[in-house]
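Quick look at final-v6.txt (compact mmCIF, C-alpha atoms):
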```txt
# COMPACT_ATOMS: atom_id res chain seq x y z
CA MET L 1 -15.74 -3.01 11.46
CA ARG L 2 -18.20 -0.48 10.02
CA TRP L 3 -16.50 2.40 11.85
CA TYR L 4 -13.07 1.39 10.65
CA LEU L 5 -14.12 0.98 7.01
CA THR L 6 -15.69 4.44 7.12
CA GLY L 7 -12.31 5.80 8.22
CA VAL L 8 -10.57 3.90 5.42
CA VAL L 9 -12.89 5.38 2.78
CA VAL L 10 -12.51 8.96 4.00
CA SER L 11 -8.77 8.73 4.55
CA GLY L 12 -8.20 6.93 1.25
CA PHE L 13 -10.04 9.64 -0.66
CA GLY L 14 -7.91 12.44 0.79
CA THR L 15 -4.61 10.58 0.49
CA THR L 16 -5.21 9.59 -3.14
CA ALA L 17 -6.12 13.17 -4.02
CA MET L 18 -2.97 14.53 -2.37
CA TRP L 19 -0.76 11.86 -3.94
CA LEU L 20 -1.97 12.80 -7.41
CA VAL L 21 -1.77 16.56 -6.95
CA SER L 22 1.64 16.75 -5.25
CA GLY L 23 3.60 15.98 -8.41
CA ILE L 24 1.38 18.20 -10.57
CA TRP L 25 1.78 21.00 -8.05
CA VAL L 26 5.58 20.81 -8.11
CA LYS L 27 5.63 20.60 -11.91
CA SER L 28 3.34 23.62 -12.29
CA LEU L 29 5.49 25.78 -9.99
CA THR L 30 8.99 24.70 -11.09
CA GLY L 31 8.55 23.29 -14.59
CA SER L 32 10.86 20.44 -13.54
CA ASP L 33 9.95 16.83 -14.34
CA ALA L 34 12.68 15.61 -11.99
CA LEU L 35 11.32 17.58 -9.03
CA ALA L 36 7.79 16.41 -9.83
CA ALA L 37 8.98 12.79 -9.67
CA LEU L 38 10.81 13.57 -6.43
CA ALA L 39 7.48 14.55 -4.86
CA ALA L 40 6.27 10.96 -5.16
CA PHE L 41 9.56 9.74 -3.71
CA ALA L 42 9.22 12.12 -0.74
CA LEU L 43 5.89 10.50 0.08
CA TRP L 44 7.26 6.99 -0.33
CA ALA L 45 10.74 7.31 1.22
CA PRO L 46 9.69 7.09 4.91
CA VAL L 47 8.41 3.57 4.23
CA LEU L 48 12.08 2.53 4.23
CA ALA L 49 12.15 3.42 7.94
CA GLY L 50 8.95 1.43 8.51
CA PRO L 51 10.36 -1.09 11.02
CA LEU L 52 11.69 1.74 13.19
CA LEU L 53 8.55 3.87 12.89
CA GLY L 54 6.29 0.88 13.51
CA THR L 55 7.81 0.39 16.95
CA LEU L 56 5.79 3.39 18.15
CA ALA L 57 2.59 1.44 17.45
CA ASP L 58 3.69 -1.18 20.00
CA ARG L 59 4.59 1.30 22.74
CA VAL L 60 1.20 3.03 23.09
CA ARG L 61 -2.47 2.20 22.68
CA ARG L 62 -3.26 2.07 18.97
CA ARG L 63 -6.65 3.82 18.78
CA PRO L 64 -5.52 7.02 20.56
CA LEU L 65 -2.37 6.98 18.43
CA LEU L 66 -4.47 6.87 15.26
CA VAL L 67 -6.57 9.79 16.50
CA VAL L 68 -3.47 11.87 17.25
CA LEU L 69 -1.81 11.03 13.92
CA ASN L 70 -4.87 12.09 11.94
CA LEU L 71 -5.36 15.29 13.93
CA ALA L 72 -1.69 16.18 13.45
CA MET L 73 -1.99 15.89 9.68
CA ALA L 74 -5.25 17.86 9.71
CA ALA L 75 -3.38 20.68 11.45
CA LEU L 76 -0.27 20.43 9.26
CA LEU L 77 -1.72 20.36 5.75
CA PRO L 78 -3.17 23.91 5.73
CA ILE L 79 0.44 25.16 5.84
CA LEU L 80 0.56 24.27 2.14
CA LEU L 81 -1.64 27.28 1.38
CA TRP L 82 1.64 29.27 1.52
CA VAL L 83 3.13 27.23 -1.36
CA GLU L 84 2.37 29.69 -4.12
CA ALA L 85 5.76 30.04 -5.83
CA ALA L 86 8.78 27.94 -6.75
CA ASP L 87 10.84 29.25 -3.83
CA ARG L 88 8.36 27.67 -1.39
CA VAL L 89 8.32 24.21 -2.93
CA TRP L 90 10.69 23.07 -0.17
CA LEU L 91 7.78 23.46 2.24
CA LEU L 92 5.69 21.08 0.16
CA PHE L 93 8.52 18.51 0.18
CA ALA L 94 8.90 18.82 3.95
CA VAL L 95 5.18 18.20 4.47
CA LEU L 96 5.25 15.25 2.06
CA VAL L 97 8.06 13.57 4.02
CA LEU L 98 6.10 14.02 7.26
CA TYR L 99 3.03 12.74 5.43
CA GLY L 100 4.89 9.57 4.46
CA ALA L 101 6.24 9.06 7.98
CA GLN L 102 2.76 9.50 9.44
CA GLY L 103 1.48 6.97 6.92
CA ALA L 104 4.05 4.36 7.94
CA VAL L 105 3.12 4.64 11.63
CA HIS L 106 -0.59 4.81 10.77
CA GLU L 107 -0.44 1.62 8.71
CA ALA L 108 1.36 -0.26 11.47
CA ALA L 109 -1.09 0.92 14.13
CA GLU L 110 -4.10 0.14 11.93
CA GLN L 111 -3.00 -3.41 11.21
CA ALA L 112 -2.15 -4.05 14.85
CA LEU L 113 -5.53 -2.68 15.96
CA VAL L 114 -7.40 -4.77 13.39
CA ALA L 115 -5.65 -7.91 14.65
CA VAL L 116 -7.08 -7.18 18.12
CA VAL L 117 -10.65 -6.07 17.33
CA VAL L 118 -11.54 -8.35 14.38
CA ASP L 119 -12.18 -12.04 14.91
CA GLU L 120 -9.46 -14.20 13.38
CA GLY L 121 -11.94 -15.95 11.10
CA ARG L 122 -13.08 -12.60 9.67
CA LEU L 123 -9.65 -11.06 9.03
CA GLY L 124 -9.64 -12.09 5.37
CA THR L 125 -13.10 -10.65 4.77
CA PHE L 126 -12.19 -7.44 6.55
CA ASN L 127 -8.92 -6.96 4.67
CA GLY L 128 -10.68 -7.65 1.38
CA LEU L 129 -13.31 -4.99 2.13
CA ARG L 130 -10.53 -2.61 3.14
CA MET L 131 -8.87 -3.22 -0.24
CA THR L 132 -12.16 -2.59 -2.04
CA ALA L 133 -12.69 0.67 -0.14
CA ASN L 134 -9.18 1.90 -0.95
CA GLU L 135 -9.35 0.96 -4.62
CA SER L 136 -12.79 2.52 -5.02
CA MET L 137 -11.40 5.82 -3.79
CA LYS L 138 -8.60 5.57 -6.37
CA LEU L 139 -11.25 5.59 -9.07
CA ILE L 140 -13.03 8.68 -7.74
CA ALA L 141 -10.48 10.87 -5.97
CA PRO L 142 -8.20 11.58 -8.97
CA LEU L 143 -11.08 13.13 -10.91
CA VAL L 144 -12.05 15.37 -8.01
CA ALA L 145 -8.44 16.33 -7.25
CA ALA L 146 -7.59 17.09 -10.87
CA GLY L 147 -10.69 19.24 -11.24
CA LEU L 148 -9.98 21.17 -8.03
CA PHE L 149 -6.35 21.74 -8.97
CA ALA L 150 -7.18 22.88 -12.50
CA ARG L 151 -9.72 25.39 -11.18
CA TYR L 152 -8.25 26.60 -7.89
CA GLY L 153 -4.71 25.24 -7.52
CA GLY L 154 -3.21 22.98 -4.89
CA GLY L 155 -4.41 24.80 -1.77
CA PRO L 156 -8.01 23.55 -1.85
CA VAL L 157 -6.81 19.98 -2.39
CA ALA L 158 -4.62 20.29 0.73
CA LEU L 159 -7.62 21.60 2.67
CA LEU L 160 -9.77 18.74 1.37
CA ASP L 161 -7.14 16.26 2.56
CA ALA L 162 -6.92 18.03 5.93
CA ALA L 163 -10.68 17.72 6.29
CA SER L 164 -10.48 14.00 5.48
CA PHE L 165 -7.89 13.55 8.23
CA ALA L 166 -10.08 15.42 10.71
CA VAL L 167 -13.09 13.25 9.87
CA THR L 168 -10.97 10.10 10.11
CA ALA L 169 -9.72 11.19 13.54
CA GLY L 170 -13.34 11.55 14.64
CA VAL L 171 -14.20 8.11 13.28
CA PHE L 172 -11.37 6.50 15.24
CA ALA L 173 -12.26 8.48 18.37
CA LEU L 174 -15.83 7.14 18.22
CA MET L 175 -14.78 3.56 17.49
CA PRO L 176 -16.00 1.30 20.34
CA VAL L 177 -12.67 -0.34 21.18
CA ARG L 178 -11.21 -1.20 24.57
CA GLU L 179 -7.44 -1.51 24.61
CA ALA L 180 -5.20 -2.46 27.47
CA ARG L 181 -2.13 -0.33 27.99
CA PRO L 182 0.88 -2.05 26.37
CA ALA L 183 3.20 -3.82 28.77
CA ARG L 184 6.41 -1.99 29.52
CA PRO L 185 9.10 -3.54 27.29
CA GLU L 186 12.03 -5.29 28.93
CA SER L 187 14.39 -3.15 26.88
CA ARG L 188 13.73 0.57 26.50
CA SER L 189 16.01 0.66 23.48
CA TRP L 190 14.05 1.61 20.39
CA TRP L 191 16.62 -0.14 18.18
CA ARG L 192 16.41 -3.40 20.15
CA GLU L 193 12.62 -3.42 19.97
CA THR L 194 12.77 -2.83 16.23
CA ALA L 195 15.34 -5.61 15.80
CA GLU L 196 13.11 -7.95 17.80
CA GLY L 197 10.22 -7.31 15.41
CA VAL L 198 12.47 -8.08 12.44
CA ARG L 199 13.72 -11.25 14.15
CA LEU L 200 10.19 -12.48 14.86
CA LEU L 201 9.21 -11.97 11.22
CA ARG L 202 12.33 -13.66 9.90
CA SER L 203 11.95 -16.67 12.20
CA SER L 204 8.31 -17.37 11.27
CA ARG L 205 7.97 -20.34 8.92
CA VAL L 206 4.54 -19.03 7.89
CA LEU L 207 5.37 -15.36 7.33
CA ARG L 208 8.86 -15.54 5.86
CA PRO L 209 7.87 -17.15 2.50
CA LEU L 210 4.73 -15.03 2.23
CA VAL L 211 6.55 -11.74 2.79
CA ALA L 212 9.24 -12.82 0.32
CA THR L 213 6.49 -13.59 -2.20
CA GLY L 214 4.94 -10.17 -1.66
CA ALA L 215 8.31 -8.50 -2.20
CA PHE L 216 9.00 -10.49 -5.37
CA THR L 217 5.51 -9.77 -6.69
CA MET L 218 5.96 -6.03 -6.19
CA LEU L 219 9.37 -6.25 -7.87
CA LEU L 220 7.68 -7.73 -10.94
CA ALA L 221 4.87 -5.17 -10.66
CA GLY L 222 7.43 -2.38 -10.79
CA VAL L 223 8.94 -3.75 -14.00
CA ASN L 224 5.47 -4.14 -15.48
CA GLY L 225 4.60 -0.58 -14.52
CA ALA L 226 7.76 0.76 -16.12
CA ALA L 227 6.87 -1.01 -19.37
CA ILE L 228 3.28 0.22 -19.59
CA TYR L 229 4.03 3.27 -21.74
CA ALA L 230 6.13 1.23 -24.14
CA VAL L 231 3.19 -1.18 -24.52
CA VAL L 232 0.71 1.66 -25.03
CA ASP L 233 2.88 3.48 -27.56
CA GLY L 234 4.70 0.69 -29.37
CA GLY L 235 2.23 -2.17 -29.06
CA LEU L 236 -1.16 -0.47 -29.12
CA GLY L 237 -0.22 2.64 -31.06
CA ARG L 238 -2.09 4.90 -28.65
CA ALA L 239 -1.18 8.16 -26.93
CA PRO L 240 0.44 7.92 -23.47
CA ALA L 241 -2.80 9.13 -21.85
CA TYR L 242 -4.35 5.76 -22.77
CA ALA L 243 -2.36 4.29 -19.88
CA GLY L 244 -4.85 6.03 -17.61
CA VAL L 245 -7.64 3.95 -19.13
CA LEU L 246 -5.73 0.74 -18.44
CA TYR L 247 -5.02 1.80 -14.86
CA ALA L 248 -8.72 2.55 -14.36
CA VAL L 249 -9.62 -0.94 -15.58
CA GLN L 250 -6.95 -2.37 -13.30
CA GLY L 251 -8.52 -0.46 -10.39
CA ALA L 252 -11.89 -1.98 -11.19
CA GLY L 253 -10.27 -5.41 -11.05
CA SER L 254 -8.84 -4.57 -7.64
CA VAL L 255 -12.28 -3.57 -6.36
CA LEU L 256 -13.56 -6.99 -7.42
CA ALA L 257 -10.53 -8.67 -5.82
CA GLY L 258 -11.39 -7.15 -2.47
CA LEU L 259 -14.98 -8.36 -2.66
CA VAL L 260 -14.08 -12.00 -3.35
CA THR L 261 -11.07 -12.22 -1.03
CA GLY L 262 -13.12 -12.91 2.11
CA PRO L 263 -15.02 -15.90 0.65
CA LEU L 264 -11.76 -17.27 -0.75
CA LEU L 265 -9.88 -17.02 2.55
CA ARG L 266 -12.68 -18.90 4.30
CA ARG L 267 -11.88 -21.85 2.03
CA ILE L 268 -8.15 -21.66 1.35
CA PRO L 269 -5.10 -20.56 3.39
CA GLU L 270 -3.25 -17.29 2.79
CA ARG L 271 -0.37 -19.13 1.09
CA THR L 272 -2.70 -20.60 -1.55
CA LEU L 273 -4.30 -17.21 -2.19
CA ALA L 274 -0.82 -15.73 -2.71
CA VAL L 275 0.02 -18.52 -5.16
CA LEU L 276 -3.18 -17.89 -7.15
CA GLY L 277 -2.70 -14.13 -7.10
CA LEU L 278 0.92 -14.21 -8.26
CA ALA L 279 0.21 -16.78 -10.98
CA LEU L 280 -2.77 -14.78 -12.30
CA PHE L 281 -0.80 -11.54 -12.24
CA ALA L 282 2.20 -13.12 -13.99
CA VAL L 283 0.17 -14.77 -16.75
CA ALA L 284 -1.70 -11.53 -17.40
CA VAL L 285 1.57 -9.58 -17.68
CA GLY L 286 2.90 -12.17 -20.15
CA VAL L 287 -0.23 -11.93 -22.29
CA ARG L 288 0.10 -8.13 -22.26
CA GLY L 289 3.52 -8.54 -23.86
CA VAL L 290 2.61 -11.03 -26.60
CA LEU L 291 -0.92 -9.92 -27.59
CA PRO L 292 -0.84 -6.15 -28.16
CA TYR L 293 -4.55 -5.58 -28.88
CA GLU L 294 -6.82 -3.11 -27.13
CA ALA L 295 -9.39 -5.69 -26.03
CA THR L 296 -6.64 -7.93 -24.70
CA ALA L 297 -4.92 -5.01 -22.98
CA ALA L 298 -8.11 -4.12 -21.12
CA ALA L 299 -8.78 -7.73 -20.12
CA VAL L 300 -5.27 -8.35 -18.78
CA SER L 301 -5.33 -5.03 -16.90
CA ALA L 302 -8.44 -6.26 -15.08
CA LEU L 303 -6.70 -9.59 -14.33
CA ILE L 304 -3.61 -7.77 -13.03
CA GLY L 305 -5.90 -5.73 -10.79
CA LEU L 306 -7.51 -8.97 -9.59
CA GLY L 307 -4.35 -10.97 -8.90
CA LEU L 308 -2.00 -8.39 -7.41
CA PRO L 309 -4.20 -7.49 -4.39
CA TRP L 310 -4.63 -11.16 -3.51
CA VAL L 311 -0.92 -11.39 -2.78
CA LEU L 312 -0.93 -8.23 -0.67
CA VAL L 313 -4.05 -9.20 1.29
CA ALA L 314 -2.63 -12.69 1.89
CA VAL L 315 0.52 -11.18 3.40
CA MET L 316 -1.39 -8.64 5.50
CA THR L 317 -3.84 -11.22 6.85
CA ALA L 318 -1.10 -13.71 7.70
CA VAL L 319 0.89 -11.06 9.60
CA GLN L 320 -2.20 -10.04 11.58
CA ARG L 321 -2.95 -13.68 12.37
CA GLU L 322 0.57 -14.78 13.29
CA ALA L 323 2.12 -11.74 14.99
CA PRO L 324 2.12 -11.58 18.81
CA ALA L 325 -0.10 -8.73 19.99
CA GLU L 326 2.80 -6.94 21.69
CA ALA L 327 4.86 -6.91 18.46
CA ALA L 328 2.10 -6.58 15.85
CA GLY L 329 2.95 -2.97 14.93
CA ARG L 330 6.65 -3.64 14.36
CA MET L 331 6.01 -6.81 12.38
CA ALA L 332 3.34 -5.18 10.21
CA ALA L 333 5.60 -2.20 9.48
CA THR L 334 8.56 -4.45 8.69
CA ALA L 335 6.48 -6.59 6.36
CA ASN L 336 5.12 -3.48 4.63
CA THR L 337 8.64 -2.13 4.08
CA LEU L 338 9.95 -5.43 2.74
CA VAL L 339 6.99 -5.83 0.39
CA MET L 340 6.76 -2.27 -0.92
CA ALA L 341 10.41 -1.23 -1.21
CA PRO L 342 11.18 -3.51 -4.21
CA ASN L 343 8.42 -1.84 -6.22
CA ALA L 344 10.12 1.56 -6.25
CA LEU L 345 13.50 -0.02 -7.00
CA ALA L 346 11.97 -2.07 -9.82
CA ILE L 347 10.47 1.00 -11.47
CA ALA L 348 13.98 2.39 -11.91
CA LEU L 349 15.29 -1.04 -12.97
CA GLY L 350 12.38 -1.49 -15.35
CA ALA L 351 13.03 1.87 -16.99
CA GLY L 352 16.53 0.68 -17.83
CA LEU L 353 15.32 -2.73 -19.02
CA VAL L 354 12.67 -1.18 -21.26
CA ALA L 355 15.42 0.88 -22.91
CA LEU L 356 17.40 -2.30 -23.59
CA ALA L 357 14.74 -4.93 -24.27
CA ASP L 358 11.50 -4.94 -26.23
CA PRO L 359 8.42 -5.28 -23.97
CA HIS L 360 7.35 -8.24 -26.13
CA VAL L 361 10.41 -10.02 -24.74
CA LEU L 362 10.64 -8.44 -21.29
CA LEU L 363 7.07 -9.02 -20.14
CA PRO L 364 6.97 -12.74 -21.03
CA LEU L 365 10.19 -13.12 -19.02
CA VAL L 366 8.46 -11.42 -16.10
CA ALA L 367 5.60 -13.91 -16.53
CA VAL L 368 7.96 -16.89 -16.47
CA ALA L 369 9.64 -15.60 -13.31
CA GLY L 370 6.28 -15.02 -11.61
CA VAL L 371 4.79 -18.39 -12.51
CA GLY L 372 8.01 -20.12 -11.48
CA TRP L 373 7.94 -18.43 -8.07
CA ALA L 374 4.25 -19.29 -7.63
CA LEU L 375 4.94 -22.96 -8.38
CA GLY L 376 7.83 -22.95 -5.92
CA LEU L 377 5.64 -21.39 -3.22
CA ALA L 378 2.92 -23.99 -3.85
CA ALA L 379 5.44 -26.83 -3.70
CA GLY L 380 6.92 -25.44 -0.49
CA GLY L 381 3.47 -25.30 1.06
CA ARG L 382 2.78 -28.94 0.19
CA ALA L 383 6.17 -29.96 1.60
CA ALA L 384 5.51 -28.07 4.82
CA GLY L 385 2.06 -29.65 5.06
CA GLY L 386 3.54 -33.08 4.53
CA VAL L 387 6.16 -32.56 7.21
CA GLY L 388 3.50 -31.29 9.60
CA ALA L 389 1.27 -34.29 8.87
CA ALA L 390 4.13 -36.72 9.34
CA GLY L 391 5.06 -35.11 12.64
```

In structure tokens, how does this file's structure come out?
Amino acid sequence: MRWYLTGVVVSGFGTTAMWLVSGIWVKSLTGSDALAALAAFALWAPVLAGPLLGTLADRVRRRPLLVVLNLAMAALLPILLWVEAADRVWLLFAVLVLYGAQGAVHEAAEQALVAVVVDEGRLGTFNGLRMTANESMKLIAPLVAAGLFARYGGGPVALLDAASFAVTAGVFALMPVREARPARPESRSWWRETAEGVRLLRSSRVLRPLVATGAFTMLLAGVNGAAIYAVVDGGLGRAPAYAGVLYAVQGAGSVLAGLVTGPLLRRIPERTLAVLGLALFAVAVGVRGVLPYEATAAAVSALIGLGLPWVLVAVMTAVQREAPAEAAGRMAATANTLVMAPNALAIALGAGLVALADPHVLLPLVAVAGVGWALGLAAGGRAAGGVGAAG
């Protein structure tokens, strides 16, 4: 566990730095806001192919795959030193797409490996610590990346990220894990294997409602994110940069969420944690809409940061616990795609809704939808428990 968390910290630092700088880099070279936004989309878009990409994680041993993926990115990123003018921005976009594809396979392989090497009773604790490590890096890396870019440009940030990938590859290479070679699949068709992973996820009575809850939560999170600047400007009367303060507070809440997730999952099932997380997130978003005060805004940002990760960790832990070892990569990648895709779509939807509806109306509606879904999930869990007890 210690080896893996070290890799998470190092990799998370480099990835967060690159994520922040990519849009700034494109904007500084082209002057285009649209192209700068497209940089984030280039990183995110390969997630849509997650089920297909995740199949690779079930065809080979996961630890060597993680080593190769990290070494490949360490070798690729220095190419960005040639991106010094607007006519070379295409190279940055190409690398970002490959970066996103590598991330989709990496996430699937990581989750599948964790399911094998971590005891089932410790999965919740491990995933909570992983969340804390990631969120901690999001508090530190942006400051370092912004300072490097302002002083030296994007090249040094790319080299820093390349170094983080190289270190992470070394961490995985040294990890004391013994893996059996995956069994040869009955069908050599990549599409059929991918479809089988989707079918297994869809047919699971445990995973299907949890993944749906994760997707719905991220849909609401996207709308909330789109409304943040309207709240900062119209409700709080502050400059747009104040949103960065609220996001920092939210990140601190997420660090705390990771620390308490393990103890919670030793006492309650993943479904209950998802109910609590969604309800807390939804109530906080509603309060953000109706009480536009700075103290309140900071408090609800922390609560959003606390509740949102609980839903995501609940989904991740349940997938690791329920997925068959031979299909863990495909199922993890499919779940990740289904959960994360609505967020990007909701940001676009939320931008349109913010233009049409006042955040003081929109955000309470988001809260009602979230609390309603949480109550439905809780009721469904009690019904399933009752049926199981009766049987």

Could you check which residues have any atom within 10 Å of (4.8, -12.4, 6.5), counting all atoms listed in the file with coordinates taken straight from the file, and then list them as a short mmCIF file (atom, residue, chain, number, x, y, z; two decimals) with C-alpha atoms, in the coordinates of the input?
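Result went into out.cif, see below:
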```
data_model
loop_
_atom_site.label_atom_id
_atom_site.label_comp_id
_atom_site.auth_asym_id
_atom_site.auth_seq_id
_atom_site.Cartn_x
_atom_site.Cartn_y
_atom_site.Cartn_z
CA LEU L 200 10.19 -12.48 14.86
CA LEU L 201 9.21 -11.97 11.22
CA ARG L 202 12.33 -13.66 9.90
CA SER L 204 8.31 -17.37 11.27
CA ARG L 205 7.97 -20.34 8.92
CA VAL L 206 4.54 -19.03 7.89
CA LEU L 207 5.37 -15.36 7.33
CA ARG L 208 8.86 -15.54 5.86
CA PRO L 209 7.87 -17.15 2.50
CA LEU L 210 4.73 -15.03 2.23
CA VAL L 211 6.55 -11.74 2.79
CA ALA L 212 9.24 -12.82 0.32
CA THR L 213 6.49 -13.59 -2.20
CA GLY L 214 4.94 -10.17 -1.66
CA ALA L 314 -2.63 -12.69 1.89
CA VAL L 315 0.52 -11.18 3.40
CA MET L 316 -1.39 -8.64 5.50
CA THR L 317 -3.84 -11.22 6.85
CA ALA L 318 -1.10 -13.71 7.70
CA VAL L 319 0.89 -11.06 9.60
CA GLN L 320 -2.20 -10.04 11.58
CA ARG L 321 -2.95 -13.68 12.37
CA GLU L 322 0.57 -14.78 13.29
CA ALA L 323 2.12 -11.74 14.99
CA MET L 331 6.01 -6.81 12.38
CA ALA L 332 3.34 -5.18 10.21
CA THR L 334 8.56 -4.45 8.69
CA ALA L 335 6.48 -6.59 6.36
CA ASN L 336 5.12 -3.48 4.63
CA LEU L 338 9.95 -5.43 2.74
CA VAL L 339 6.99 -5.83 0.39
#
```

- Item | Shell of 12 Å around L:Val89, only C-alpha atoms, local chain residues under 3 positions omitted, as a ChimeraX atom specification | /L:22-32,35-36,38-39,79-86,92-96,154

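The two atoms in question, atom CA of L:Pro324 and atom CA of L:Ser203, are spaced 12.9 Å apart.
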
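With all atoms listed in the file as the atoms that count, the minimum distance from L:Leu20 to the choices L:Met340, L:Ala325, L:Ala141, L:Ala45 is reached by L:Ala141.
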
Work out how far apart atom CA of L:Ala379 and atom CA of L:Met218 are and give it in Å to one decimal.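 These two atoms are separated by 21.0 Å.
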
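One finds atom CA of L:Val105 at 17.7 Å from atom CA of L:Arg192.
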
- Shell around stretch 363-369 of chain L at 8 Å using only C-alpha atoms, local window under 4 positions removed, as a ChimeraX atom specification: /L:220,223-224,282-290,359,373

Of L:Val68, L:Met175, L:Ala333, L:Val275, the one nearest to L:Gly54 when counting only C-alpha atoms is L:Ala333
